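Student: One file is attached below, my_file.cif, containing mmCIF, C-alpha atoms.
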data_work
loop_
_atom_site.label_atom_id
_atom_site.label_comp_id
_atom_site.auth_asym_id
_atom_site.auth_seq_id
_atom_site.Cartn_x
_atom_site.Cartn_y
_atom_site.Cartn_z
CA MET E 790 -56.71 129.15 3.00
CA SER E 791 -57.07 125.65 1.57
CA THR E 792 -54.51 122.97 2.38
CA THR E 793 -53.85 119.73 0.54
CA PRO E 794 -54.44 116.40 2.28
CA PHE E 795 -50.66 115.91 2.39
CA GLU E 796 -50.19 119.13 4.33
CA GLN E 797 -52.99 118.16 6.69
CA LEU E 798 -51.34 114.78 7.19
CA ALA E 799 -48.01 116.42 7.95
CA ASN E 800 -49.69 118.70 10.50
CA LEU E 801 -51.19 115.85 12.53
CA ASP E 802 -50.07 115.73 16.16
CA ARG E 803 -47.20 113.21 16.10
CA THR E 804 -47.58 112.44 19.79
CA VAL E 805 -51.07 111.10 19.14
CA HIS E 806 -50.60 109.80 15.58
CA ASP E 807 -48.01 107.19 16.60
CA PRO E 808 -49.78 103.77 16.36
CA ALA E 809 -48.88 102.57 19.85
CA ARG E 810 -49.76 105.86 21.54
CA LEU E 811 -52.98 106.08 19.53
CA ALA E 812 -53.88 102.59 20.77
CA ILE E 813 -53.22 103.64 24.38
CA LEU E 814 -55.24 106.85 24.03
CA THR E 815 -58.09 105.01 22.28
CA ALA E 816 -58.30 102.56 25.18
CA LEU E 817 -58.16 105.34 27.77
CA SER E 818 -60.82 107.38 25.99
CA ALA E 819 -63.20 104.41 26.28
CA CYS E 820 -62.87 104.11 30.06
CA GLU E 821 -62.47 106.24 33.17
CA ARG E 822 -59.05 104.82 34.01
CA ALA E 823 -57.13 101.62 33.40
CA ASP E 824 -54.22 99.87 35.03
CA PHE E 825 -50.90 98.95 33.44
CA LEU E 826 -51.78 95.27 32.99
CA PHE E 827 -54.99 96.02 31.12
CA LEU E 828 -53.23 98.51 28.83
CA GLN E 829 -50.51 95.97 28.17
CA ARG E 830 -53.04 93.24 27.30
CA ILE E 831 -55.27 95.43 25.16
CA THR E 832 -52.49 97.11 23.18
CA GLY E 833 -50.18 94.10 23.00
CA LEU E 834 -47.14 96.20 23.88
CA THR E 835 -44.25 94.87 25.95
CA LYS E 836 -43.81 96.27 29.48
CA GLY E 837 -40.83 98.41 28.49
CA ASN E 838 -42.47 99.72 25.35
CA LEU E 839 -45.71 100.59 27.14
CA SER E 840 -43.84 102.25 29.98
CA SER E 841 -41.86 104.35 27.54
CA HIS E 842 -44.97 105.42 25.59
CA LEU E 843 -46.78 106.28 28.82
CA SER E 844 -43.87 108.47 29.92
CA LYS E 845 -44.04 110.35 26.62
CA LEU E 846 -47.79 110.83 26.97
CA GLU E 847 -47.37 112.00 30.56
CA GLU E 848 -44.65 114.46 29.52
CA ALA E 849 -47.01 115.82 26.87
CA GLY E 850 -49.69 116.24 29.56
CA LEU E 851 -52.12 113.88 27.82
CA VAL E 852 -52.35 111.28 30.60
CA GLU E 853 -52.16 111.27 34.39
CA ILE E 854 -50.42 108.38 36.12
CA GLU E 855 -51.17 107.35 39.69
CA LYS E 856 -49.38 104.63 41.64
CA ARG E 857 -50.90 102.87 44.64
CA PHE E 858 -50.43 99.68 46.62
CA VAL E 859 -52.96 96.87 46.30
CA GLU E 860 -52.28 93.61 48.17
CA LYS E 861 -48.63 94.61 48.70
CA LYS E 862 -48.16 95.15 44.97
CA THR E 863 -47.78 98.40 43.09
CA GLN E 864 -50.71 99.20 40.84
CA THR E 865 -50.22 101.81 38.13
CA LEU E 866 -53.43 103.54 37.12
CA VAL E 867 -53.55 105.67 34.01
CA ARG E 868 -56.27 108.12 32.99
CA LEU E 869 -56.69 110.68 30.23
CA SER E 870 -56.17 114.24 31.42
CA ASP E 871 -58.63 116.97 30.41
CA SER E 872 -56.10 118.18 27.89
CA GLY E 873 -55.70 114.59 26.66
CA ARG E 874 -59.44 114.28 26.09
CA LYS E 875 -59.48 117.50 24.10
CA THR E 876 -56.41 116.46 22.10
CA ILE E 877 -57.81 113.07 21.13
CA GLU E 878 -61.15 114.65 20.25
CA SER E 879 -59.48 117.22 18.02
CA TYR E 880 -57.28 114.45 16.52
CA TRP E 881 -60.35 112.48 15.39
CA GLN E 882 -61.90 115.64 13.97
CA GLU E 883 -58.69 116.30 12.00
CA ILE E 884 -58.71 112.71 10.72
CA GLU E 885 -62.33 113.17 9.65
CA ALA E 886 -61.45 116.43 7.86
CA LEU E 887 -58.48 114.73 6.24
CA ARG E 888 -60.66 111.93 4.91
CA LYS E 889 -63.10 114.41 3.39
CA SER E 890 -60.31 116.51 1.95
CA ALA E 891 -58.59 113.42 0.45
CA THR E 892 -61.86 112.32 -1.19
CA GLY E 893 -62.36 115.80 -2.68
CA TRP E 894 -58.76 115.99 -3.84
CA ARG E 895 -58.99 112.58 -5.55
CA SER E 896 -62.18 113.42 -7.45
CA GLN E 897 -60.75 116.83 -8.42
CA ASN E 898 -57.62 115.19 -9.85
CA ALA E 899 -59.66 112.56 -11.70
CA ALA E 900 -61.70 115.33 -13.34
CA LEU E 901 -58.50 117.17 -14.36
CA ALA E 902 -57.05 113.98 -15.85
CA LEU E 903 -60.18 113.45 -17.97
CA ALA E 904 -60.21 117.06 -19.24
CA MET H 1191 -51.91 98.83 13.09
CA GLU H 1192 -55.23 98.77 11.30
CA THR H 1193 -58.40 100.67 12.09
CA ARG H 1194 -60.10 97.42 13.11
CA ASP H 1195 -57.45 97.03 15.84
CA LEU H 1196 -58.45 100.45 17.20
CA ASP H 1197 -62.09 99.48 16.98
CA ARG H 1198 -61.38 96.26 18.88
CA ILE H 1199 -59.45 98.20 21.54
CA ARG H 1200 -62.26 100.73 21.94
CA PHE H 1201 -65.04 98.13 22.06
CA VAL H 1202 -63.33 95.73 24.46
CA THR H 1203 -62.27 98.54 26.81
CA ARG H 1204 -65.70 100.10 26.82
CA HIS H 1205 -67.50 96.80 27.43
CA PHE H 1206 -64.80 95.13 29.53
CA HIS H 1207 -67.19 94.43 32.40
CA SER H 1208 -70.13 93.14 30.39
CA LEU H 1209 -67.83 90.85 28.38
CA GLN H 1210 -66.75 89.05 31.54
CA GLY H 1211 -68.99 86.07 30.88
CA LEU H 1212 -67.59 83.82 33.60
CA ARG H 1213 -68.39 86.52 36.14
CA HIS H 1214 -72.00 87.32 35.22
CA LEU H 1215 -73.84 85.21 32.65
CA VAL H 1216 -72.32 81.77 33.32
CA PRO H 1217 -73.02 81.84 37.12
CA LEU H 1218 -76.54 83.13 36.44
CA GLY H 1219 -77.04 80.34 33.92
CA LEU H 1220 -75.77 77.66 36.33
CA ILE H 1221 -78.01 78.90 39.13
CA THR H 1222 -81.00 78.96 36.76
CA LEU H 1223 -80.08 75.46 35.55
CA SER H 1224 -80.05 74.16 39.11
CA ALA H 1225 -83.81 74.87 39.24
CA VAL H 1226 -84.30 71.93 36.83
CA ALA H 1227 -83.17 69.51 39.53
CA TRP H 1228 -85.56 71.18 41.98
CA LEU H 1229 -88.54 71.15 39.57
CA THR H 1230 -88.03 67.52 38.53
CA ARG H 1231 -87.62 66.49 42.20
CA GLY H 1232 -84.12 65.40 41.30
CA PRO H 1233 -81.43 64.52 43.84
CA LEU H 1234 -80.11 67.38 45.98
CA LEU H 1235 -76.59 66.37 44.99
CA LEU H 1236 -77.35 67.26 41.36
CA LEU H 1237 -78.78 70.61 42.44
CA GLY H 1238 -75.64 71.34 44.46
CA ALA H 1239 -73.34 70.13 41.69
CA VAL H 1240 -74.80 72.72 39.33
CA ALA H 1241 -75.44 75.59 41.74
CA LEU H 1242 -72.12 75.38 43.60
CA PRO H 1243 -69.85 76.16 40.62
CA GLY H 1244 -72.21 79.05 39.83
CA ALA H 1245 -71.86 80.47 43.33
CA VAL H 1246 -68.07 80.01 43.25
CA LEU H 1247 -67.80 81.80 39.91
CA LEU H 1248 -70.03 84.58 41.20
CA MET H 1249 -67.71 85.11 44.19
CA LEU H 1250 -64.32 84.58 42.55
CA GLY H 1251 -64.99 85.63 38.94
CA ALA H 1252 -64.14 89.29 39.49
CA ARG H 1253 -60.82 88.42 41.12
CA ARG H 1254 -59.89 86.05 38.32
CA TYR H 1255 -60.53 88.65 35.65
CA TYR H 1256 -58.64 91.31 37.62
CA ARG H 1257 -55.59 89.07 37.99
CA ASN H 1258 -55.54 87.96 34.37
CA PHE H 1259 -56.59 91.06 32.49
CA GLY H 1260 -56.18 94.00 34.88
CA LEU H 1261 -58.57 96.82 35.55
CA ALA H 1262 -60.51 99.19 33.30
CA GLU H 1263 -63.04 101.30 35.17
CA PRO H 1264 -66.18 102.12 33.17
CA ARG H 1265 -66.44 105.68 31.92
CA GLN H 1266 -68.59 108.04 33.94
CA ALA H 1267 -71.29 109.92 32.11
CA ALA H 1268 -69.99 113.20 33.57
CA HIS H 1269 -66.79 112.88 31.57
CA PRO H 1270 -67.77 112.19 27.99
CA ALA H 1271 -64.96 111.83 25.51
CA ALA H 1272 -65.03 111.81 21.77
CA GLU H 1273 -64.40 108.21 20.92
CA PRO H 1274 -63.62 107.18 17.37
CA VAL H 1275 -66.81 105.10 17.37
CA CYS H 1276 -68.60 107.38 14.97
CA VAL H 1277 -65.69 108.51 12.87
CA SER H 1278 -66.27 107.48 9.29
CA ILE H 1279 -63.01 105.57 8.87
CA TYR H 1280 -64.51 102.95 11.18
CA ARG H 1281 -67.64 102.62 9.14
CA SER H 1282 -67.98 101.30 5.63
CA THR H 1283 -71.16 103.34 5.24
CA GLY H 1284 -69.34 106.67 5.41
CA PRO H 1285 -69.40 109.55 7.86
CA ALA H 1286 -71.75 109.43 10.84
CA PRO H 1287 -73.63 112.65 11.63
CA TRP H 1288 -72.64 112.88 15.29
CA LEU H 1289 -69.69 112.29 17.56
CA GLU H 1290 -69.96 110.27 20.76
CA SER H 1291 -69.80 113.40 22.93
CA SER H 1292 -72.80 114.92 21.17
CA PRO H 1293 -76.30 114.01 22.31
CA SER H 1294 -77.40 110.64 20.98
CA PRO H 1295 -80.50 110.71 18.76
CA ILE H 1296 -82.09 108.03 21.00
CA SER H 1297 -82.29 108.94 24.69
CA THR H 1298 -81.71 106.43 27.49
CA LEU H 1299 -85.41 106.61 28.45
CA GLN H 1300 -86.47 105.83 24.88
CA ARG H 1301 -84.01 102.92 24.75
CA THR H 1302 -85.33 101.50 28.03
CA LEU H 1303 -88.95 101.84 26.90
CA LEU H 1304 -88.12 100.18 23.59
CA LEU H 1305 -86.51 97.26 25.40
CA ILE H 1306 -89.43 96.90 27.80
CA ALA H 1307 -91.84 96.92 24.87
CA LEU H 1308 -89.75 94.53 22.79
CA ALA H 1309 -90.15 91.47 25.03
CA PRO H 1310 -94.00 91.44 25.22
CA ALA H 1311 -94.22 92.40 21.54
CA LEU H 1312 -92.07 89.44 20.50
CA TYR H 1313 -93.94 87.18 22.92
CA LEU H 1314 -97.30 88.19 21.44
CA LEU H 1315 -95.92 87.77 17.93
CA PHE H 1316 -94.73 84.21 18.57
CA GLN H 1317 -97.88 83.40 20.53
CA ASN H 1318 -100.07 84.55 17.64
CA ILE H 1319 -98.01 82.70 15.05
CA ILE H 1320 -98.33 79.41 16.96
CA ALA H 1321 -101.83 79.83 18.39
CA PRO H 1322 -103.79 82.74 16.83
CA PRO H 1323 -106.45 84.22 19.11
CA TRP H 1324 -109.24 83.00 16.85
CA VAL H 1325 -110.60 79.64 15.66
CA THR H 1326 -111.79 79.07 12.07
CA PHE H 1327 -114.27 76.22 11.54
CA PRO H 1328 -114.37 74.21 8.24
CA SER H 1329 -117.60 76.06 7.40
CA GLY H 1330 -115.56 79.28 7.29
CA THR H 1331 -116.93 80.75 10.51
CA THR H 1332 -114.32 82.48 12.66
CA VAL H 1333 -114.83 82.89 16.40
CA PRO H 1334 -112.52 84.19 19.14
CA ARG H 1335 -110.49 81.45 20.80
CA PRO H 1336 -111.84 80.64 24.29
CA ILE H 1337 -109.53 81.60 27.16
CA GLU H 1338 -107.50 78.62 28.33
CA TRP H 1339 -107.29 79.23 32.06
CA HIS H 1340 -104.88 76.36 32.66
CA ALA H 1341 -102.29 78.24 30.62
CA PHE H 1342 -101.95 80.73 33.49
CA GLY H 1343 -100.35 77.94 35.55
CA THR H 1344 -97.24 78.29 33.40
CA PHE H 1345 -96.77 81.92 34.41
CA PRO H 1346 -93.43 81.34 36.23
CA SER H 1347 -92.04 79.70 33.09
CA LEU H 1348 -93.25 82.60 30.94
CA LEU H 1349 -91.66 85.04 33.37
CA LEU H 1350 -88.38 83.15 33.21
CA TYR H 1351 -88.34 83.21 29.39
CA ALA H 1352 -89.31 86.90 29.34
CA LEU H 1353 -86.66 87.93 31.91
CA HIS H 1354 -83.82 85.98 30.36
CA GLY H 1355 -84.85 86.88 26.81
CA SER H 1356 -85.08 90.59 27.67
CA LEU H 1357 -81.74 90.47 29.50
CA LEU H 1358 -79.98 89.00 26.47
CA LEU H 1359 -81.66 91.50 24.13
CA SER H 1360 -80.70 94.41 26.35
CA ILE H 1361 -77.08 93.22 26.50
CA TRP H 1362 -77.01 93.08 22.69
CA TRP H 1363 -78.51 96.57 22.51
CA LEU H 1364 -76.10 98.05 25.05
CA GLN H 1365 -73.13 96.40 23.33
CA GLU H 1366 -73.79 98.61 20.31
CA ARG H 1367 -75.87 96.05 18.37
CA ARG H 1368 -72.74 94.62 16.77
CA LEU H 1369 -72.74 91.67 14.42
CA SER H 1370 -70.01 90.01 16.50
CA GLN H 1371 -72.31 90.12 19.54
CA SER H 1372 -75.41 88.92 17.70
CA HIS H 1373 -75.44 85.66 19.71
CA HIS H 1374 -77.22 87.71 22.40
CA LEU H 1375 -79.88 88.74 19.90
CA GLY H 1376 -80.29 85.20 18.56
CA LEU H 1377 -80.53 83.58 21.99
CA GLY H 1378 -82.83 86.32 23.33
CA VAL H 1379 -85.28 85.96 20.44
CA LEU H 1380 -85.10 82.17 20.75
CA LEU H 1381 -86.01 82.30 24.47
CA LEU H 1382 -88.94 84.63 23.81
CA GLY H 1383 -90.01 82.27 21.04
CA PHE H 1384 -89.90 79.28 23.41
CA SER H 1385 -92.32 81.12 25.69
CA ALA H 1386 -95.01 80.67 23.05
CA LEU H 1387 -94.56 76.89 22.92
CA SER H 1388 -96.31 74.57 25.33
CA LEU H 1389 -93.17 73.13 26.87
CA PRO H 1390 -93.07 71.38 30.26
CA PRO H 1391 -92.26 73.67 33.24
CA TRP H 1392 -88.78 72.18 33.79
CA ALA H 1393 -87.80 73.14 30.21
CA ALA H 1394 -87.80 76.86 31.04
CA PRO H 1395 -84.86 76.83 33.50
CA LEU H 1396 -83.07 74.28 31.32
CA LEU H 1397 -83.32 76.41 28.16
CA CYS H 1398 -82.79 79.76 29.91
CA GLY H 1399 -79.81 78.47 31.91
CA SER H 1400 -78.20 76.87 28.87
CA ALA H 1401 -78.68 80.05 26.82
CA MET H 1402 -77.06 82.14 29.56
CA ILE H 1403 -74.10 79.77 29.87
CA LEU H 1404 -73.61 79.73 26.10
CA ALA H 1405 -73.77 83.54 25.86
CA GLY H 1406 -71.38 83.91 28.80
CA LEU H 1407 -68.85 81.47 27.32
CA LEU H 1408 -68.98 83.24 23.94
CA ASP H 1409 -68.43 86.62 25.64
CA HIS H 1410 -65.54 85.20 27.65
CA GLY H 1411 -64.02 83.74 24.48
CA ARG H 1412 -64.29 87.13 22.79
CA LEU H 1413 -62.53 88.83 25.69
CA VAL H 1414 -59.74 86.23 25.85
CA ARG H 1415 -59.14 86.48 22.09
CA ALA H 1416 -59.06 90.27 22.23
CA LEU H 1417 -56.64 90.41 25.14
CA ARG H 1418 -54.38 87.54 24.12
CA GLN H 1419 -52.06 88.20 21.22
CA PRO H 1420 -50.41 91.53 20.53
CA PRO H 1421 -50.66 92.92 17.02
CA ALA H 1422 -47.17 92.46 15.55
CA ALA H 1423 -47.00 96.03 14.23
CA LEU H 1424 -47.15 97.52 17.71
CA GLU H 1425 -44.27 95.38 18.96
CA GLU H 1426 -42.00 96.61 16.20
CA ASP H 1427 -42.72 100.22 16.93
CA GLN H 1428 -40.33 101.99 19.23
CA PRO H 1429 -41.20 105.27 20.92
#
Is it possible to give me this structure as structure tokens?
Tutor:
Amino acid sequence: MSTTPFEQLANLDRTVHDPARLAILTALSACERADFLFLQRITGLTKGNLSSHLSKLEEAGLVEIEKRFVEKKTQTLVRLSDSGRKTIESYWQEIEALRKSATGWRSQNAALALA
Amino acid sequence: METRDLDRIRFVTRHFHSLQGLRHLVPLGLITLSAVAWLTRGPLLLLGAVALPGAVLLMLGARRYYRNFGLAEPRQAAHPAAEPVCVSIYRSTGPAPWLESSPSPISTLQRTLLLIALAPALYLLFQNIIAPPWVTFPSGTTVPRPIEWHAFGTFPSLLLYALHGSLLLSIWWLQERRLSQSHHLGLGVLLLGFSALSLPPWAAPLLCGSAMILAGLLDHGRLVRALRQPPAALEEDQP
């Protein structure tokens, strides 16, 4: 069954496709784990916004959050869960398929317009 | 958010430790630079004035980066993840044939051997450009150049150029050979080139130290720029 690029786009995982959450997951996929401050600096999100996005990702089972005390301060460490790694991997594969499909669709339509 | 923002996020996170110039390259450069004072029989105060900030940065650099930018632990090889590094939307040249989690076409051993071979190869190249191993007389006769034994006295300088040059080249290689990080390539090649010139012994620590400091400051600048201002689009977005 062939699907149009628009259908593929609509089927993308919304939890991952959101720009802020994609930024967080991209950062986490490039490291073993990161703390809240680093994620805040690298994504440019406010504390509240980042906290809210992390809660959503944790609810979806994509990240694991660990809190510990360092020098009498709470440190929040975030890492991608196994499911999160698989989800982000499959997301990039879908994006790649979407790009190919969109290129094919565009050239197909151009040929139809010329005919 | 644009794809280049994601690329910046991925690159800076992945190379967070090696981009900490004030923690690694600048202290190394300052300590190397302090050897100039020692070689020129300069005052001990000058030696201390250069080496001390290097030692302080070496001890406190990690803490400073942790406090300002937080923590991102490097990824372990046992847990590979598909990064968007090779996805075609990040590359103007189109799709790449492999994903990050797939085996790389160049193994770590091959990369290491290439790096080890690169330094002497470049040294020999520069050496032969400046002083070819043959002498041609006006009559047209060519004879091998006699061995200049006194040149072996400059071995420590050559070693310094080779070590620092190779280090900068390997950093450039490990940081994905990016155009934005090409200062490592430029400085590394320059240092290996200097090894072929007949410079005084004190020039080696001066040039190597300065190159390290410059590379470290540029890396630090890159990190500060990347972790400074939030992209406006992300701020507007609500979960």
Student: If I take atom CA of Val867 of chain E and atom CA of Ile854 of chain E, how far is one from the other in Å, to one decimal?
Tutor: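 A separation of 4.6 Å between them.
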Student: For chain E, which of H:Pro1264, H:Gly1219, H:Gly1211, H:Gly1244 is the closest residue, counting all atoms listed in the file?
Tutor: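 When distances to chain E are compared using all atoms listed in the file, the smallest one comes from H:Pro1264.
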Student: When the PyMOL selection byres ((chain E and resi 793) around 9) is applied to the file above, which residues end up in the set, as a ChimeraX atom specification?
Tutor: /E:791-792,794-798,887,890-891,894
Student: Hey, which of H:Leu1408, H:Ala1245, H:Phe1327, H:Ala1386 ends up closest to Ala1311 of chain H? Count all atoms listed in the file.
Tutor: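 Checking each of H:Leu1408, H:Ala1245, H:Phe1327, H:Ala1386 against Ala1311 of chain H, counting all atoms listed in the file, the winner is H:Ala1386.
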Student: When the PyMOL selection byres ((chain E) within 10 of (chain H)) is applied to the structure above, which residues does it catch, written out as JSON, numbers by chain?
Tutor: {"E": [804, 807, 808, 809, 810, 811, 812, 813, 814, 815, 816, 817, 818, 819, 820, 821, 822, 823, 824, 825, 826, 827, 828, 829, 830, 831, 832, 833, 834, 835, 837, 838, 839, 840, 841, 842, 843, 844, 845, 864, 866, 867, 868, 869, 871, 873, 874, 875, 876, 877, 878, 879, 880, 881, 882, 884, 885, 888, 889]}
Student: Using Å and a single decimal, report how far atom CA of Pro1217 of chain H sits from atom CA of Gly1238 of chain H.
Tutor: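 Between atom CA of Gly1238 of chain H and atom CA of Pro1217 of chain H the gap is 13.1 Å.
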Student: Enumerate, in order of chain and increasing residue number, the residues of segment 1209-1238 of chain H with an atom no farther than 10 Å from segment 1350-1365 of chain H, each with its shortest atom pair and distance in Å to one decimal, counting all atoms listed in the file, as a tab-separated table.
Tutor:
residue	atom	partner	partner_atom	distance
H:Leu1209	CA	H:Gln1365	CA	9.2
H:Leu1215	CA	H:Leu1358	CA	9.5
H:Leu1218	CA	H:His1354	CA	9.9
H:Gly1219	CA	H:His1354	CA	9.5
H:Thr1222	CA	H:Leu1350	CA	9.2
Student: Report the distance between atom CA of Ala1225 of chain H and atom CA of Leu1237 of chain H in Å, rounded to one decimal place.
Tutor: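 Distance between the two atoms: 7.3 Å.
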